[in-house]
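Coordinates from input-v5.pdb are shown below (PDB, C-alpha atoms).
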```pdb
MODEL        1
ATOM      1  CA  MET A   8     -14.101 -18.092  -8.904
ATOM      2  CA  ALA A   9     -11.363 -15.511  -9.622
ATOM      3  CA  LYS A  10     -12.504 -15.203 -13.250
ATOM      4  CA  ALA A  11     -16.072 -14.575 -12.090
ATOM      5  CA  SER A  12     -14.847 -11.970  -9.591
ATOM      6  CA  LEU A  13     -12.741 -10.261 -12.247
ATOM      7  CA  ASP A  14     -15.737 -10.252 -14.606
ATOM      8  CA  ARG A  15     -17.908  -8.688 -11.865
ATOM      9  CA  LEU A  16     -15.236  -6.061 -11.250
ATOM     10  CA  THR A  17     -15.125  -5.231 -14.959
ATOM     11  CA  ASP A  18     -18.934  -5.033 -15.085
ATOM     12  CA  LEU A  19     -18.915  -2.684 -12.087
ATOM     13  CA  ALA A  20     -16.304  -0.475 -13.776
ATOM     14  CA  ARG A  21     -18.484  -0.331 -16.899
ATOM     15  CA  LEU A  22     -21.495   0.685 -14.798
ATOM     16  CA  LEU A  23     -19.435   3.372 -13.093
ATOM     17  CA  ASP A  24     -18.288   4.635 -16.494
ATOM     18  CA  GLU A  25     -21.957   5.271 -17.353
ATOM     19  CA  HIS A  26     -22.710   7.142 -14.116
ATOM     20  CA  ASP A  27     -19.294   8.672 -13.448
ATOM     21  CA  PRO A  28     -17.744   9.447 -16.845
ATOM     22  CA  ALA A  29     -15.166  11.727 -15.200
ATOM     23  CA  GLY A  30     -13.712   8.692 -13.429
ATOM     24  CA  VAL A  31     -13.873  10.208  -9.942
ATOM     25  CA  VAL A  32     -14.916   6.951  -8.264
ATOM     26  CA  GLY A  33     -12.217   4.326  -7.944
ATOM     27  CA  LEU A  34     -12.418   0.720  -6.787
ATOM     28  CA  VAL A  35     -10.485  -0.920  -3.955
ATOM     29  CA  PRO A  36     -11.062  -4.672  -4.205
ATOM     30  CA  LEU A  37     -10.782  -6.649  -0.986
ATOM     31  CA  LEU A  38      -8.890  -9.883  -1.684
ATOM     32  CA  GLU A  39     -10.238 -12.518   0.706
ATOM     33  CA  THR A  40      -9.814 -15.837  -1.096
ATOM     34  CA  PRO A  41      -6.858 -17.848  -2.420
ATOM     35  CA  GLN A  42      -8.286 -17.367  -5.924
ATOM     36  CA  ALA A  43      -8.289 -13.592  -5.499
ATOM     37  CA  ILE A  44      -4.681 -13.599  -4.277
ATOM     38  CA  LEU A  45      -3.599 -15.693  -7.264
ATOM     39  CA  ALA A  46      -5.466 -13.263  -9.564
ATOM     40  CA  ALA A  47      -4.104 -10.137  -7.811
ATOM     41  CA  ALA A  48      -2.141  -8.968 -10.864
ATOM     42  CA  ALA A  49      -5.213  -9.155 -13.117
ATOM     43  CA  ILE A  50      -7.435  -7.556 -10.483
ATOM     44  CA  ALA A  51      -4.924  -4.732  -9.948
ATOM     45  CA  SER A  52      -4.957  -4.064 -13.704
ATOM     46  CA  ALA A  53      -8.751  -3.974 -13.959
ATOM     47  CA  PRO A  54     -10.437  -0.691 -14.897
ATOM     48  CA  ARG A  55     -10.917   1.847 -12.091
ATOM     49  CA  VAL A  56      -8.950  -0.168  -9.546
ATOM     50  CA  THR A  57      -6.905   2.352  -7.559
ATOM     51  CA  ARG A  58      -5.451   0.039  -4.909
ATOM     52  CA  LEU A  59      -5.876  -3.402  -3.381
ATOM     53  CA  GLN A  60      -6.483  -4.588   0.146
ATOM     54  CA  ILE A  61      -6.278  -8.051   1.689
ATOM     55  CA  GLY A  62      -9.075  -9.429   3.844
ATOM     56  CA  GLU A  63      -6.637 -11.267   6.072
ATOM     57  CA  ALA A  64      -9.085 -12.757   8.585
ATOM     58  CA  ASP A  65     -11.169 -14.437   5.885
ATOM     59  CA  LEU A  66      -8.109 -15.424   3.880
ATOM     60  CA  SER A  67      -6.395 -16.937   6.927
ATOM     61  CA  ALA A  68      -9.498 -18.993   7.642
ATOM     62  CA  GLU A  69      -9.630 -20.179   4.011
ATOM     63  CA  LEU A  70      -5.951 -21.160   4.108
ATOM     64  CA  GLY A  71      -6.019 -22.679   7.586
ATOM     65  CA  ILE A  72      -3.407 -20.178   8.798
ATOM     66  CA  THR A  73      -3.164 -19.175  12.430
ATOM     67  CA  PRO A  74      -1.187 -15.929  12.707
ATOM     68  CA  GLY A  75       1.605 -16.077  15.282
ATOM     69  CA  ASP A  76       3.307 -13.495  17.459
ATOM     70  CA  GLN A  77       5.690 -12.427  14.696
ATOM     71  CA  ASP A  78       2.850 -12.148  12.160
ATOM     72  CA  GLN A  79       4.899 -13.707   9.336
ATOM     73  CA  GLU A  80       2.444 -16.339   8.150
ATOM     74  CA  LEU A  81       0.988 -14.092   5.427
ATOM     75  CA  LEU A  82       4.303 -12.585   4.307
ATOM     76  CA  PHE A  83       4.167 -14.230   0.880
ATOM     77  CA  VAL A  84       0.569 -13.092   0.310
ATOM     78  CA  ARG A  85       1.294  -9.548   1.426
ATOM     79  CA  SER A  86       4.408  -9.308  -0.731
ATOM     80  CA  SER A  87       2.500 -10.686  -3.727
ATOM     81  CA  VAL A  88      -0.172  -8.005  -3.395
ATOM     82  CA  VAL A  89       2.433  -5.241  -3.057
ATOM     83  CA  LEU A  90       4.178  -6.591  -6.169
ATOM     84  CA  ALA A  91       0.913  -6.864  -8.147
ATOM     85  CA  SER A  92       0.028  -3.279  -7.214
ATOM     86  CA  ALA A  93       3.411  -1.921  -8.272
ATOM     87  CA  ALA A  94       3.360  -3.892 -11.521
ATOM     88  CA  ALA A  95      -0.091  -2.489 -12.374
ATOM     89  CA  GLY A  96       1.026   1.051 -11.541
ATOM     90  CA  ILE A  97      -1.689   1.601  -8.941
ATOM     91  CA  GLU A  98      -1.356   2.961  -5.407
ATOM     92  CA  PRO A  99       0.361   0.678  -2.909
ATOM     93  CA  PRO A 100      -2.107  -1.545  -1.060
ATOM     94  CA  ALA A 101      -3.743  -0.612   2.207
ATOM     95  CA  ALA A 102      -2.916  -2.965   5.062
ATOM     96  CA  ALA A 103      -5.634  -5.079   6.597
ATOM     97  CA  VAL A 104      -7.441  -4.361   9.829
ATOM     98  CA  THR A 105      -6.359  -5.774  13.134
ATOM     99  CA  THR A 106      -9.223  -6.947  15.286
ATOM    100  CA  ASP A 107      -7.468  -6.281  18.591
ATOM    101  CA  PHE A 108      -8.308  -2.582  18.794
ATOM    102  CA  ARG A 109      -7.158  -2.276  22.408
ATOM    103  CA  ASP A 110      -3.483  -3.170  21.920
ATOM    104  CA  LEU A 111      -2.318   0.029  20.252
ATOM    105  CA  GLU A 112       1.377  -0.750  20.719
ATOM    106  CA  ALA A 113       0.970  -4.019  18.783
ATOM    107  CA  LEU A 114      -0.931  -2.056  16.132
ATOM    108  CA  ARG A 115       1.950   0.426  15.902
ATOM    109  CA  ARG A 116       4.559  -2.338  15.533
ATOM    110  CA  SER A 117       2.598  -4.269  12.918
ATOM    111  CA  THR A 118       1.738  -1.117  10.966
ATOM    112  CA  GLN A 119       5.398  -0.089  10.833
ATOM    113  CA  ALA A 120       6.317  -3.593   9.645
ATOM    114  CA  LEU A 121       3.629  -3.446   6.950
ATOM    115  CA  LYS A 122       4.887  -0.024   5.861
ATOM    116  CA  ARG A 123       8.370  -1.536   5.412
ATOM    117  CA  LEU A 124       6.762  -4.227   3.202
ATOM    118  CA  GLY A 125       5.331  -1.544   0.900
ATOM    119  CA  PHE A 126       1.825  -0.951   2.261
ATOM    120  CA  ARG A 127       0.614   2.642   2.441
ATOM    121  CA  GLY A 128      -2.331   3.135   4.738
ATOM    122  CA  ARG A 129      -4.300   0.725   6.850
ATOM    123  CA  ALA A 130      -7.959   0.001   7.441
ATOM    124  CA  CYS A 131      -9.200   0.615  10.974
ATOM    125  CA  ILE A 132     -12.152  -0.835  12.849
ATOM    126  CA  HIS A 133     -12.067   1.465  15.871
ATOM    127  CA  PRO A 134     -11.478   5.233  16.210
ATOM    128  CA  ALA A 135      -8.613   4.637  18.682
ATOM    129  CA  GLN A 136      -6.622   3.022  15.862
ATOM    130  CA  ILE A 137      -6.721   6.029  13.548
ATOM    131  CA  PRO A 138      -4.041   8.200  15.239
ATOM    132  CA  VAL A 139      -1.655   5.233  15.482
ATOM    133  CA  VAL A 140      -2.046   4.366  11.801
ATOM    134  CA  HIS A 141      -1.869   8.017  10.757
ATOM    135  CA  ASP A 142       1.345   8.469  12.736
ATOM    136  CA  ALA A 143       2.929   5.360  11.207
ATOM    137  CA  PHE A 144       2.255   6.447   7.622
ATOM    138  CA  THR A 145       3.016  10.153   8.024
ATOM    139  CA  PRO A 146       6.669  10.832   7.208
ATOM    140  CA  SER A 147       8.801  12.044  10.104
ATOM    141  CA  SER A 148      10.694  15.337   9.950
ATOM    142  CA  GLU A 149      13.870  13.336   9.367
ATOM    143  CA  GLU A 150      12.323  11.376   6.475
ATOM    144  CA  ILE A 151      11.080  14.619   4.914
ATOM    145  CA  ALA A 152      14.496  16.288   5.260
ATOM    146  CA  THR A 153      16.220  13.233   3.745
ATOM    147  CA  ALA A 154      13.766  13.182   0.830
ATOM    148  CA  ARG A 155      14.291  16.883   0.142
ATOM    149  CA  ASP A 156      18.069  16.453   0.304
ATOM    150  CA  LEU A 157      17.963  13.531  -2.139
ATOM    151  CA  ILE A 158      15.846  15.469  -4.622
ATOM    152  CA  THR A 159      18.108  18.527  -4.339
ATOM    153  CA  ARG A 160      21.210  16.394  -4.975
ATOM    154  CA  PHE A 161      19.548  14.616  -7.886
ATOM    155  CA  GLU A 162      18.466  17.870  -9.530
ATOM    156  CA  ALA A 163      21.937  19.380  -8.969
ATOM    157  CA  ALA A 164      23.362  16.368 -10.810
ATOM    158  CA  GLY A 165      21.141  17.209 -13.781
ATOM    159  CA  GLY A 166      18.760  14.337 -13.161
ATOM    160  CA  GLY A 167      21.421  11.682 -13.372
ATOM    161  CA  VAL A 168      22.918   9.402 -10.794
ATOM    162  CA  CYS A 169      24.206  11.135  -7.654
ATOM    163  CA  LEU A 170      25.303  10.299  -4.130
ATOM    164  CA  ASP A 171      23.305  10.708  -0.934
ATOM    165  CA  ALA A 172      24.688  12.263   2.278
ATOM    166  CA  ARG A 173      26.311   8.918   3.212
ATOM    167  CA  GLY A 174      27.928   8.395  -0.179
ATOM    168  CA  ARG A 175      25.473   5.796  -1.509
ATOM    169  CA  MET A 176      24.344   5.861  -5.131
ATOM    170  CA  VAL A 177      20.962   7.482  -5.812
ATOM    171  CA  ASP A 178      19.097   6.900  -9.054
ATOM    172  CA  LEU A 179      15.631   7.700 -10.375
ATOM    173  CA  ALA A 180      13.947   4.858  -8.441
ATOM    174  CA  VAL A 181      15.207   6.307  -5.148
ATOM    175  CA  ILE A 182      14.035   9.755  -6.221
ATOM    176  CA  ARG A 183      10.547   8.454  -7.033
ATOM    177  CA  ASP A 184      10.366   7.119  -3.480
ATOM    178  CA  ALA A 185      11.606  10.454  -2.092
ATOM    179  CA  ARG A 186       8.896  12.254  -4.052
ATOM    180  CA  ARG A 187       6.259   9.857  -2.657
ATOM    181  CA  THR A 188       7.538  10.672   0.828
ATOM    182  CA  LEU A 189       7.126  14.396   0.213
ATOM    183  CA  ALA A 190       3.641  13.850  -1.214
ATOM    184  CA  LEU A 191       2.660  12.251   2.113
ATOM    185  CA  ALA A 192       4.255  14.999   4.198
ATOM    186  CA  PRO A 193       2.027  17.365   6.142
ATOM    187  CA  HIS A 194       1.861  20.738   4.416
ATOM    188  CA  SER A 195       3.142  22.523   7.505
ATOM    189  CA  GLN A 196       6.598  20.924   7.220
TER     190      GLN A 196
ENDMDL
END
```
Target encoding structure tokens, full file:
Amino acid sequence: MAKASLDRLTDLARLLDEHDPAGVVGLVPLLETPQAILAAAAIASAPRVTRLQIGEADLSAELGITPGDQDQELLFVRSSVVLASAAAGIEPPAAAVTTDFRDLEALRRSTQALKRLGFRGRACIHPAQIPVVHDAFTPSSEEIATARDLITRFEAAGGGVCLDARGRMVDLAVIRDARRTLALAPHSQ
């Protein structure tokens, strides 16, 4: 099944190449089966794929998983998709929807946890969810200031290893993350 899905994705990319030669349209495959999760690295590397997303409700049903209060049952799957995305050099995955659109505090907590796992963005099924998700993925003033400070220190060190404000080593990987933070920052800050 995963091979057939990957072939369909490649065929779709070829069709898009004919109608969108500039490459404006990207693909965001929704991984909803065990086969798709196991093929995540290949899917992430397919032409025109810009990011991945997990269809957690369908996947949970396929796997016989019942998510609990701590929402850890899909940790391995989520981490695998974040890893596949990073390895393919595409955008970090978008987190899956939550069907309980009334419990905005639970949405906030789970979105922050997913952000810590490496997700950037989250699908929403109700307009009330949008501000919560936006807030979770928009860097705070403190995160922006820290990112700017790290980049300033790194550049002052000539692009080599430097120390952050607490004396911890900072290298290029940390700087790449700081630059991603600034790219997500509102322009007014």
**OP:** Excluding region 56-59 of chain A and any residue of its chain fewer than 2 positions from it, enumerate the residues within 8 Å of it, using all atoms listed in the file, and give them as a ChimeraX atom specification.
**Re:** /A:33-38,50-54,61,88,92,97-101
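Of the residues under consideration (A:Arg55, A:Leu45, A:Ile132, A:Glu69), A:Arg55 shows the shortest atom-to-atom contact distance to Asp27 (chain A) when counting only C-alpha atoms.
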**OP:** Apply the PyMOL selection byres ((chain A and resi 121) around 12) to the displayed file and report the matching residues as a PyMOL selection string.
**Re:** chain A and resi 78-79+81-82+85-86+88-89+99-105+114-120+122-129+140+143-144
Output file for the selection above: C-alpha atoms, as a compact mmCIF listing (two decimals), in the coordinates of the input:
```
# COMPACT_ATOMS: atom_id res chain seq x y z
CA ASP A 78 2.85 -12.15 12.16
CA GLN A 79 4.90 -13.71 9.34
CA LEU A 81 0.99 -14.09 5.43
CA LEU A 82 4.30 -12.58 4.31
CA ARG A 85 1.29 -9.55 1.43
CA SER A 86 4.41 -9.31 -0.73
CA VAL A 88 -0.17 -8.01 -3.40
CA VAL A 89 2.43 -5.24 -3.06
CA PRO A 99 0.36 0.68 -2.91
CA PRO A 100 -2.11 -1.54 -1.06
CA ALA A 101 -3.74 -0.61 2.21
CA ALA A 102 -2.92 -2.96 5.06
CA ALA A 103 -5.63 -5.08 6.60
CA VAL A 104 -7.44 -4.36 9.83
CA THR A 105 -6.36 -5.77 13.13
CA LEU A 114 -0.93 -2.06 16.13
CA ARG A 115 1.95 0.43 15.90
CA ARG A 116 4.56 -2.34 15.53
CA SER A 117 2.60 -4.27 12.92
CA THR A 118 1.74 -1.12 10.97
CA GLN A 119 5.40 -0.09 10.83
CA ALA A 120 6.32 -3.59 9.64
CA LYS A 122 4.89 -0.02 5.86
CA ARG A 123 8.37 -1.54 5.41
CA LEU A 124 6.76 -4.23 3.20
CA GLY A 125 5.33 -1.54 0.90
CA PHE A 126 1.82 -0.95 2.26
CA ARG A 127 0.61 2.64 2.44
CA GLY A 128 -2.33 3.14 4.74
CA ARG A 129 -4.30 0.72 6.85
CA VAL A 140 -2.05 4.37 11.80
CA ALA A 143 2.93 5.36 11.21
CA PHE A 144 2.26 6.45 7.62
```
**OP:** Work out how far apart CA of Ala164 (chain A) and CA of Ala93 (chain A) are and give it in Å to one decimal.
**Re:**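 Computing it gives 27.2 Å between the two atoms.
A straight line drawn from CA of Ala135 (chain A) to CA of Phe108 (chain A) is 7.2 Å long.
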Original post:
For Ala190 (chain A), which of A:Glu63, A:Glu150, A:Asp110, A:Asp76 is the closest residue, counting all atoms listed in the file?
Top reply: A:Glu150
Original post:
Separation of CA of Ser67 (chain A) and CA of Glu80 (chain A), in Å?
Top reply: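 Atom-to-atom, CA of Ser67 (chain A) to CA of Glu80 (chain A), that is 8.9 Å.
Between Ile137 (chain A) and the residues A:Leu111, A:Ile44, A:Leu90, A:Ala152, the shortest atom-to-atom distance, using all atoms listed in the file, involves A:Leu111.
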Original post:
What residues have an atom no more than 8 Å from (22.3, 8.5, -8.7) in the file's own frame, counting all atoms listed in the file, and can you write them as number ranges by chain?
Top reply: A: 161, 167-170, 176-179
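Residue nearest Asp142 (chain A), chosen from A:Ala192, A:Ala46, A:Ala91, A:Ile158 and counting all atoms listed in the file: A:Ala192.
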Subject >> Nearest candidate to Gln136 (chain A) (options A:Leu19, A:Ala113, A:Leu157, A:Ala68; using all atoms listed in the file) >> reply: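 So, comparing all the options, the nearest one is A:Ala113.
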Original post:
For Thr17 (chain A), which of A:Ala29, A:Leu189, A:Ala49, A:Ala154 is the closest residue, counting all atoms listed in the file?
Top reply: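 Between A:Ala29, A:Leu189, A:Ala49, A:Ala154, the residue approaching Thr17 (chain A) most closely is A:Ala49.
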How big is the axis-aligned box, and where does its centre sit, when it encloses all atoms of region 68-82 of chain A listed in the file and has 3 Å added on every side, reported in Å to one decimal as AutoDock Vina command-line options?
```
--center_x -2.0 --center_y -17.4 --center_z 10.7 --size_x 21.3 --size_y 16.5 --size_z 19.4
```
